[in-house]
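S.K.: I'd like to ask you about the structure that follows.
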Amino acid sequence: MERMILPDAAWRSRPGLDALCAALGAAEGAARFVGGAVRDTLIGSTVNDIDIATRLAPEAVLDRLAAARIRAVPTGLAHGTVTAVLPDGPVEVTTLRRDLATDGRHATVAFTDDWREDAARRDFTINALYADPASGALFDYFGGLDDLAAQRVCFIGDPLQRIAEDHLRILRFFRFSARFSADIDAAGLAACAARARDLMALSRERIASELLRLLVAPRALPVVTLMIDRDIFAAVLPEIARADRLARLVDREAEAGLDADPIRRLAALLPPDPQTGEAVGARLKLSTAQRKRLASALVPAQGAVQPLAYRLGREGAIDRWLLTTPSDADAVRGARDLVAWEVPRLPIGGGALVARGLTKGPDVARTLRGIEDQWIAEGFPSAERVAAIADAAVAQALRSTSSA
């Protein structure tokens, strides 16, 4: 039987990668590409991250990279990981490992020179594929090639055992299924549903990271719907109880020609209440900007779409418009308009009002706000019209001051 070869791909020609592989002894069989780069190349997807597995101990990796004058950062020596810094980005180099002890969140590992042992501790068969850097020869210890061809995401070995080792694998199972699977693997689904409460032991940052990546996967909607049906979210995000608003948003995003957005889609899974959005954002430890956006997206859109974008910014206005506009046609039309519309800047400042006779201070700020409000109400007219609005506003302010 002819051995499968990794197809050529742009990432394999990245500057410095050949030198890195040579330093790691790839020609002698001491290093192989592994994981996502191999998997995604086989299905023709873009590769962003490159991982290399090696038989070399971490200290030997550091020594060899130093000798080859390749910058190395000891990012996780206890787990065997060294990051090689190449001109086009980092490459993680990790010594082959086997688990000694796991508690669902962390693992204690021992290093090994056995490729199959290293593959056996990985989560899914499609993530345990290796490739020789020079020849491209593929190494598949658990049927990952067949599963990739069949669009299946399957745990390596017993799903319950793999989840017990790392509870995050529950969410990873659904994320990878939403990206790669035509149908959900029944054994994996049953195990995830049985152990869903194990998610409570995880940090909320890890949950957020997986969830946001899941929400933009190609089959996010059917997979999230299944997760809700099987109570996967109940223990950690009980607010996620229905997917009908997400279904509507997915259709509207597609119709408007917009990319899937994780924060917007998370908002669609929550009740339409900004306080709930703020609470969920805080629980997931999202960034301040993400939390504000999540809460804002759950406020009903009011008024015309362009004034809303001026006040909130384009992104925030699109969120509200797609999530809360009752009419599908209006929601899509408004979102399309915003994509093509350049948010204007008020063509006048406080200095122009002082030049017209106002005294620096609160009167300038108050008058400028009034000018801005009228400019917005009139549909963002030209600088000439704004000058006329300013003349009238300053005259009124001066009259008010003199009569006071």
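Starting from 1 in every chain, residues are counted up; chains themselves are A, B, ... following the order of the structure tokens, and ligands are numbered from 1 as listed.
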Which residues of segment 80-155 of chain A come within 12 Å of segment 40-60 of chain A, and for each one, what is the closest pair of atoms and their distance in Å to one decimal, counting only C-alpha atoms, sorted by chain and residue number, as a tab-separated table?
M.R.:
residue	atom	partner	partner_atom	distance
A:Gly80	CA	A:Pro58	CA	5.4
A:Thr81	CA	A:Pro58	CA	6.8
A:Val82	CA	A:Pro58	CA	6.8
A:Thr83	CA	A:Asp51	CA	9.4
A:Ala84	CA	A:Ile52	CA	10.0
A:Val85	CA	A:Ile50	CA	11.4
A:Leu86	CA	A:Ile50	CA	11.0
A:Asp88	CA	A:Asn48	CA	10.3
A:Gly89	CA	A:Asp49	CA	8.6
A:Pro90	CA	A:Ile50	CA	7.8
A:Val91	CA	A:Ile50	CA	5.3
A:Glu92	CA	A:Asp51	CA	4.9
A:Val93	CA	A:Ile52	CA	4.8
A:Thr94	CA	A:Ala53	CA	5.0
A:Thr95	CA	A:Thr54	CA	4.9
A:Leu96	CA	A:Arg55	CA	5.7
A:Arg97	CA	A:Arg55	CA	9.1
A:Ala110	CA	A:Ala57	CA	10.5
A:Phe111	CA	A:Ala57	CA	7.4
A:Thr112	CA	A:Arg55	CA	7.0
A:Asp113	CA	A:Arg55	CA	4.9
A:Asp114	CA	A:Arg55	CA	7.8
A:Trp115	CA	A:Arg55	CA	8.2
A:Arg116	CA	A:Arg55	CA	11.8
A:Glu117	CA	A:Arg55	CA	11.5
A:Asp118	CA	A:Ala53	CA	8.8
A:Ala119	CA	A:Ala53	CA	10.1
A:Ile126	CA	A:Asp40	CA	9.6
A:Asn127	CA	A:Asp40	CA	9.7
A:Ala128	CA	A:Ala53	CA	10.8
A:Leu129	CA	A:Leu42	CA	10.2
A:Tyr130	CA	A:Ala53	CA	8.3
A:Ala131	CA	A:Ile52	CA	9.3
A:Asp132	CA	A:Ile52	CA	10.0
A:Pro133	CA	A:Ile52	CA	9.3
A:Gly136	CA	A:Thr41	CA	11.2
A:Leu138	CA	A:Leu42	CA	10.3
A:Gly144	CA	A:Leu42	CA	11.2
A:Leu145	CA	A:Leu42	CA	8.9
A:Asp146	CA	A:Leu42	CA	11.6
A:Asp147	CA	A:Ile43	CA	11.9
A:Leu148	CA	A:Ile43	CA	8.1
A:Ala149	CA	A:Ile43	CA	8.4
A:Ala150	CA	A:Ile43	CA	11.4
A:Gln151	CA	A:Ile43	CA	10.2
S.K.: Just the residues within 12 Å of Phe176 of chain A, please, counting only C-alpha atoms, with nothing from its chain fewer than 5 positions along; format it as a ChimeraX atom specification.
M.R.: /A:36,39-40,123-127,148,151-155,169-171,181-185,188,210-211,213-220,223
S.K.: Quote the spacing between atom CA of Arg356 of chain A and atom CA of Pro381 of chain A in Å to one decimal place.
M.R.: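 About the pair atom CA of Arg356 of chain A and atom CA of Pro381 of chain A: they are 20.4 Å apart.
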S.K.: May I have the residues within 12 Å of Ala289 of chain A as a list in words, using only C-alpha atoms and disregarding those fewer than 5 positions away in the same chain?
M.R.: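 So, after excluding close chain neighbours, the residues are Ile263, Glu278, Gly281, Ala282, Leu294, Ala295, Ser296, Glu315 and Gly316 of chain A.
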S.K.: Create the file for the chosen residues now, containing N, CA, C and O atoms and written as a PDB file, in the first residue's frame.
M.R.:
ATOM      1  N   ILE A 263     -18.600  37.457  19.694  1.00  0.00           N
ATOM      2  CA  ILE A 263     -19.296  38.202  20.744  1.00  0.00           C
ATOM      3  C   ILE A 263     -20.747  38.427  20.352  1.00  0.00           C
ATOM      4  O   ILE A 263     -21.666  38.285  21.173  1.00  0.00           O
ATOM      5  N   GLU A 278     -23.714  41.611  30.921  1.00  0.00           N
ATOM      6  CA  GLU A 278     -22.611  42.068  31.768  1.00  0.00           C
ATOM      7  C   GLU A 278     -22.196  40.970  32.743  1.00  0.00           C
ATOM      8  O   GLU A 278     -21.003  40.717  32.957  1.00  0.00           O
ATOM      9  N   GLY A 281     -20.404  38.162  30.801  1.00  0.00           N
ATOM     10  CA  GLY A 281     -19.083  38.626  30.398  1.00  0.00           C
ATOM     11  C   GLY A 281     -18.107  38.639  31.557  1.00  0.00           C
ATOM     12  O   GLY A 281     -16.936  38.271  31.409  1.00  0.00           O
ATOM     13  N   ALA A 282     -18.594  39.060  32.741  1.00  0.00           N
ATOM     14  CA  ALA A 282     -17.741  39.076  33.927  1.00  0.00           C
ATOM     15  C   ALA A 282     -17.389  37.652  34.357  1.00  0.00           C
ATOM     16  O   ALA A 282     -16.241  37.362  34.728  1.00  0.00           O
ATOM     17  N   LEU A 294     -20.784  43.106  24.703  1.00  0.00           N
ATOM     18  CA  LEU A 294     -21.790  42.065  24.928  1.00  0.00           C
ATOM     19  C   LEU A 294     -23.042  42.662  25.558  1.00  0.00           C
ATOM     20  O   LEU A 294     -24.169  42.369  25.127  1.00  0.00           O
ATOM     21  N   ALA A 295     -22.865  43.491  26.574  1.00  0.00           N
ATOM     22  CA  ALA A 295     -24.015  44.114  27.227  1.00  0.00           C
ATOM     23  C   ALA A 295     -24.726  45.068  26.281  1.00  0.00           C
ATOM     24  O   ALA A 295     -25.968  45.096  26.206  1.00  0.00           O
ATOM     25  N   SER A 296     -23.966  45.857  25.535  1.00  0.00           N
ATOM     26  CA  SER A 296     -24.570  46.827  24.618  1.00  0.00           C
ATOM     27  C   SER A 296     -25.373  46.147  23.521  1.00  0.00           C
ATOM     28  O   SER A 296     -26.409  46.666  23.087  1.00  0.00           O
ATOM     29  N   GLU A 315     -19.360  48.697  14.738  1.00  0.00           N
ATOM     30  CA  GLU A 315     -19.509  47.326  15.243  1.00  0.00           C
ATOM     31  C   GLU A 315     -20.679  47.206  16.202  1.00  0.00           C
ATOM     32  O   GLU A 315     -21.509  46.296  16.103  1.00  0.00           O
ATOM     33  N   GLY A 316     -20.762  48.142  17.158  1.00  0.00           N
ATOM     34  CA  GLY A 316     -21.832  48.090  18.135  1.00  0.00           C
ATOM     35  C   GLY A 316     -23.199  48.288  17.505  1.00  0.00           C
ATOM     36  O   GLY A 316     -24.188  47.666  17.914  1.00  0.00           O
TER      37      GLY A 316
END
S.K.: From the set A:Ala243, A:Ala329, A:Ala193, A:Ile207, which residue has the shortest atom-to-atom contact distance to Asp231 of chain A, counting only C-alpha atoms?
M.R.: A:Ala193
S.K.: If you measure from atom CA of Asp18 of chain A to atom CA of His79 of chain A, what distance in Å do you get, rounded to one decimal?
M.R.: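 Separation between atom CA of Asp18 of chain A and atom CA of His79 of chain A: 24.5 Å.
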S.K.: Hey, can you check how far atom CA of Gln161 of chain A sits from atom CA of Arg105 of chain A?
M.R.: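 Computed distance, atom CA of Gln161 of chain A to atom CA of Arg105 of chain A, equals 13.3 Å.
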S.K.: Using only C-alpha atoms, which of A:Gly76, A:Pro271, A:Gly257, A:Gly334 sits nearest Arg314 of chain A?
M.R.: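 The answer is A:Gly334, which sits nearest to Arg314 of chain A.
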S.K.: Hey, which of A:Leu346, A:Val305, A:Ala317, A:Ala383 ends up closest to Arg369 of chain A? Count only C-alpha atoms.
M.R.: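 Among the listed residues, A:Leu346 lies closest to Arg369 of chain A.
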S.K.: Under the rule that only C-alpha atoms are counted, which of A:Val109, A:Leu62, A:Leu100, A:Ala137 is the nearest residue to Val34 of chain A?
M.R.: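 Going through A:Val109, A:Leu62, A:Leu100, A:Ala137 one by one, the smallest distance to Val34 of chain A is for A:Ala137.
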S.K.: Would you list, as a tab-separated table (two decimals) with N, CA, C and O atoms, in the first residue's frame, the residues of segment 5-126 of chain A that end up in alpha helix (DSSP H) under DSSP run on this structure's backbone?
M.R.:
chain	number	residue	atom	x	y	z
A	17	LEU	N	12.19	27.72	8.79
A	17	LEU	CA	11.61	26.45	9.22
A	17	LEU	C	12.52	25.27	8.89
A	17	LEU	O	12.69	24.36	9.70
A	18	ASP	N	13.12	25.28	7.70
A	18	ASP	CA	14.05	24.20	7.35
A	18	ASP	C	15.24	24.16	8.31
A	18	ASP	O	15.67	23.08	8.74
A	19	ALA	N	15.75	25.34	8.66
A	19	ALA	CA	16.89	25.39	9.59
A	19	ALA	C	16.48	24.87	10.96
A	19	ALA	O	17.27	24.18	11.64
A	20	LEU	N	15.27	25.19	11.38
A	20	LEU	CA	14.78	24.70	12.67
A	20	LEU	C	14.68	23.18	12.65
A	20	LEU	O	15.13	22.50	13.59
A	21	CYS	N	14.10	22.63	11.60
A	21	CYS	CA	13.96	21.18	11.51
A	21	CYS	C	15.32	20.49	11.47
A	21	CYS	O	15.52	19.43	12.08
A	22	ALA	N	16.26	21.12	10.76
A	22	ALA	CA	17.61	20.55	10.71
A	22	ALA	C	18.26	20.56	12.08
A	22	ALA	O	18.90	19.58	12.50
A	23	ALA	N	18.09	21.65	12.82
A	23	ALA	CA	18.67	21.75	14.16
A	23	ALA	C	18.09	20.71	15.09
A	23	ALA	O	18.78	20.21	16.00
A	36	GLY	N	-2.48	20.32	14.28
A	36	GLY	CA	-3.30	21.12	13.40
A	36	GLY	C	-2.69	21.44	12.05
A	36	GLY	O	-3.40	21.48	11.04
A	37	ALA	N	-1.39	21.69	12.00
A	37	ALA	CA	-0.76	22.01	10.73
A	37	ALA	C	-0.88	20.83	9.76
A	37	ALA	O	-1.14	21.02	8.56
A	38	VAL	N	-0.70	19.62	10.26
A	38	VAL	CA	-0.83	18.43	9.43
A	38	VAL	C	-2.29	18.23	9.03
A	38	VAL	O	-2.62	18.05	7.85
A	39	ARG	N	-3.17	18.27	10.01
A	39	ARG	CA	-4.61	18.06	9.77
A	39	ARG	C	-5.15	19.06	8.74
A	39	ARG	O	-5.81	18.70	7.77
A	40	ASP	N	-4.87	20.34	8.94
A	40	ASP	CA	-5.45	21.37	8.08
A	40	ASP	C	-4.85	21.35	6.68
A	40	ASP	O	-5.54	21.66	5.71
A	41	THR	N	-3.58	20.98	6.57
A	41	THR	CA	-2.98	20.85	5.24
A	41	THR	C	-3.66	19.75	4.45
A	41	THR	O	-3.91	19.88	3.25
A	42	LEU	N	-4.00	18.66	5.12
A	42	LEU	CA	-4.63	17.53	4.44
A	42	LEU	C	-6.01	17.88	3.89
A	42	LEU	O	-6.45	17.30	2.90
A	58	PRO	N	13.85	18.71	26.45
A	58	PRO	CA	13.75	20.17	26.33
A	58	PRO	C	15.10	20.89	26.41
A	58	PRO	O	15.36	21.83	25.66
A	59	GLU	N	15.97	20.44	27.30
A	59	GLU	CA	17.28	21.08	27.43
A	59	GLU	C	18.11	20.89	26.16
A	59	GLU	O	18.84	21.80	25.74
A	60	ALA	N	17.97	19.73	25.53
A	60	ALA	CA	18.69	19.48	24.28
A	60	ALA	C	18.14	20.37	23.16
A	60	ALA	O	18.90	20.85	22.30
A	61	VAL	N	16.83	20.58	23.18
A	61	VAL	CA	16.23	21.49	22.20
A	61	VAL	C	16.81	22.89	22.35
A	61	VAL	O	17.22	23.53	21.38
A	62	LEU	N	16.88	23.38	23.59
A	62	LEU	CA	17.44	24.71	23.84
A	62	LEU	C	18.89	24.79	23.37
A	62	LEU	O	19.30	25.77	22.74
A	63	ASP	N	19.67	23.76	23.65
A	63	ASP	CA	21.08	23.75	23.26
A	63	ASP	C	21.22	23.77	21.74
A	63	ASP	O	22.05	24.52	21.18
A	64	ARG	N	20.42	22.97	21.07
A	64	ARG	CA	20.55	22.88	19.61
A	64	ARG	C	20.10	24.18	18.94
A	64	ARG	O	20.70	24.60	17.95
A	65	LEU	N	19.05	24.79	19.46
A	65	LEU	CA	18.59	26.04	18.86
A	65	LEU	C	19.60	27.16	19.11
A	65	LEU	O	19.82	28.00	18.24
A	66	ALA	N	20.21	27.14	20.29
A	66	ALA	CA	21.25	28.14	20.56
A	66	ALA	C	22.42	27.97	19.60
A	66	ALA	O	22.96	28.95	19.06
A	67	ALA	N	22.81	26.72	19.36
A	67	ALA	CA	23.93	26.45	18.44
A	67	ALA	C	23.59	26.87	17.02
A	67	ALA	O	24.47	27.30	16.25
A	115	TRP	N	6.76	7.55	19.76
A	115	TRP	CA	5.78	8.38	19.05
A	115	TRP	C	4.35	7.95	19.36
A	115	TRP	O	3.46	8.77	19.51
A	116	ARG	N	4.13	6.66	19.46
A	116	ARG	CA	2.77	6.18	19.72
A	116	ARG	C	2.30	6.60	21.11
A	116	ARG	O	1.13	6.94	21.30
A	117	GLU	N	3.20	6.56	22.09
A	117	GLU	CA	2.83	7.01	23.44
A	117	GLU	C	2.41	8.48	23.42
A	117	GLU	O	1.45	8.87	24.07
A	118	ASP	N	3.15	9.28	22.67
A	118	ASP	CA	2.80	10.70	22.56
A	118	ASP	C	1.44	10.87	21.89
A	118	ASP	O	0.62	11.67	22.33
A	119	ALA	N	1.21	10.11	20.83
A	119	ALA	CA	-0.08	10.20	20.13
A	119	ALA	C	-1.23	9.77	21.03
A	119	ALA	O	-2.32	10.35	20.98
A	120	ALA	N	-0.99	8.76	21.88
A	120	ALA	CA	-2.06	8.21	22.71
A	120	ALA	C	-2.58	9.19	23.75
A	120	ALA	O	-3.71	9.05	24.23
S.K.: When you count only C-alpha atoms, which of these residues is closest to Ile318 of chain A: A:Val339, A:Ser287, A:Arg399, A:Gln302?
M.R.: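 The answer is A:Val339, which sits nearest to Ile318 of chain A.
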S.K.: Could you please write out, as a PyMOL selection string, every residue of segment 42-287 of chain A that DSSP assigns to strand (DSSP E)?
M.R.: chain A and resi 50-54+72-76+81-86+89-95+97-102+107-111+129-131+138-140
S.K.: Identify which of the residues A:Ala164, A:Ile240, A:Leu24, A:Leu258 lies closest to Pro272 of chain A, counting only C-alpha atoms when measuring atom-to-atom distances.
M.R.: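 Checking each candidate against Pro272 of chain A, we get A:Ile240 as the closest.
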S.K.: So that I can check the surroundings of Ala392 of chain A, please list as JSON, numbers by chain every protein, DNA and RNA residue that reaches within 12 Å of it, counting only C-alpha atoms and ignoring chain neighbours fewer than 6 positions away.
M.R.: {"A": [353, 356, 367, 368, 370, 371, 374, 385, 386, 398, 399]}
S.K.: Please provide the set of residues having any atom within 10 Å of Ala304 of chain A, restricted to only C-alpha atoms, with same-chain residues fewer than 5 positions apart removed, written as a short mmCIF file (atom, residue, chain, number, x, y, z; two decimals) with all heavy atoms, in the first residue's frame.
M.R.:
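Wrote selection.cif, looks like this:
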data_model
loop_
_atom_site.label_atom_id
_atom_site.label_comp_id
_atom_site.auth_asym_id
_atom_site.auth_seq_id
_atom_site.Cartn_x
_atom_site.Cartn_y
_atom_site.Cartn_z
N ALA A 309 -24.88 54.18 14.65
CA ALA A 309 -23.48 53.87 14.40
C ALA A 309 -22.57 55.02 14.83
O ALA A 309 -21.46 54.79 15.31
CB ALA A 309 -23.27 53.56 12.93
N TRP A 321 -28.42 46.17 15.58
CA TRP A 321 -29.34 46.15 14.45
C TRP A 321 -29.68 44.72 14.05
O TRP A 321 -30.84 44.39 13.80
CB TRP A 321 -28.71 46.91 13.28
CG TRP A 321 -29.74 47.51 12.38
CD1 TRP A 321 -30.12 47.08 11.15
CD2 TRP A 321 -30.54 48.66 12.66
NE1 TRP A 321 -31.10 47.89 10.64
CE2 TRP A 321 -31.38 48.87 11.54
CE3 TRP A 321 -30.62 49.55 13.73
CZ2 TRP A 321 -32.29 49.92 11.47
CZ3 TRP A 321 -31.52 50.60 13.67
CH2 TRP A 321 -32.34 50.78 12.55
N GLY A 334 -30.00 47.43 6.95
CA GLY A 334 -29.28 48.34 7.82
C GLY A 334 -27.83 47.93 8.02
O GLY A 334 -26.92 48.76 8.00
N ALA A 377 -29.37 64.82 13.70
CA ALA A 377 -30.80 64.80 13.36
C ALA A 377 -31.04 65.16 11.89
O ALA A 377 -31.98 64.66 11.26
CB ALA A 377 -31.57 65.74 14.27
N GLY A 379 -29.08 64.40 9.46
CA GLY A 379 -28.47 63.41 8.57
C GLY A 379 -27.05 63.71 8.19
O GLY A 379 -26.62 63.39 7.09
#
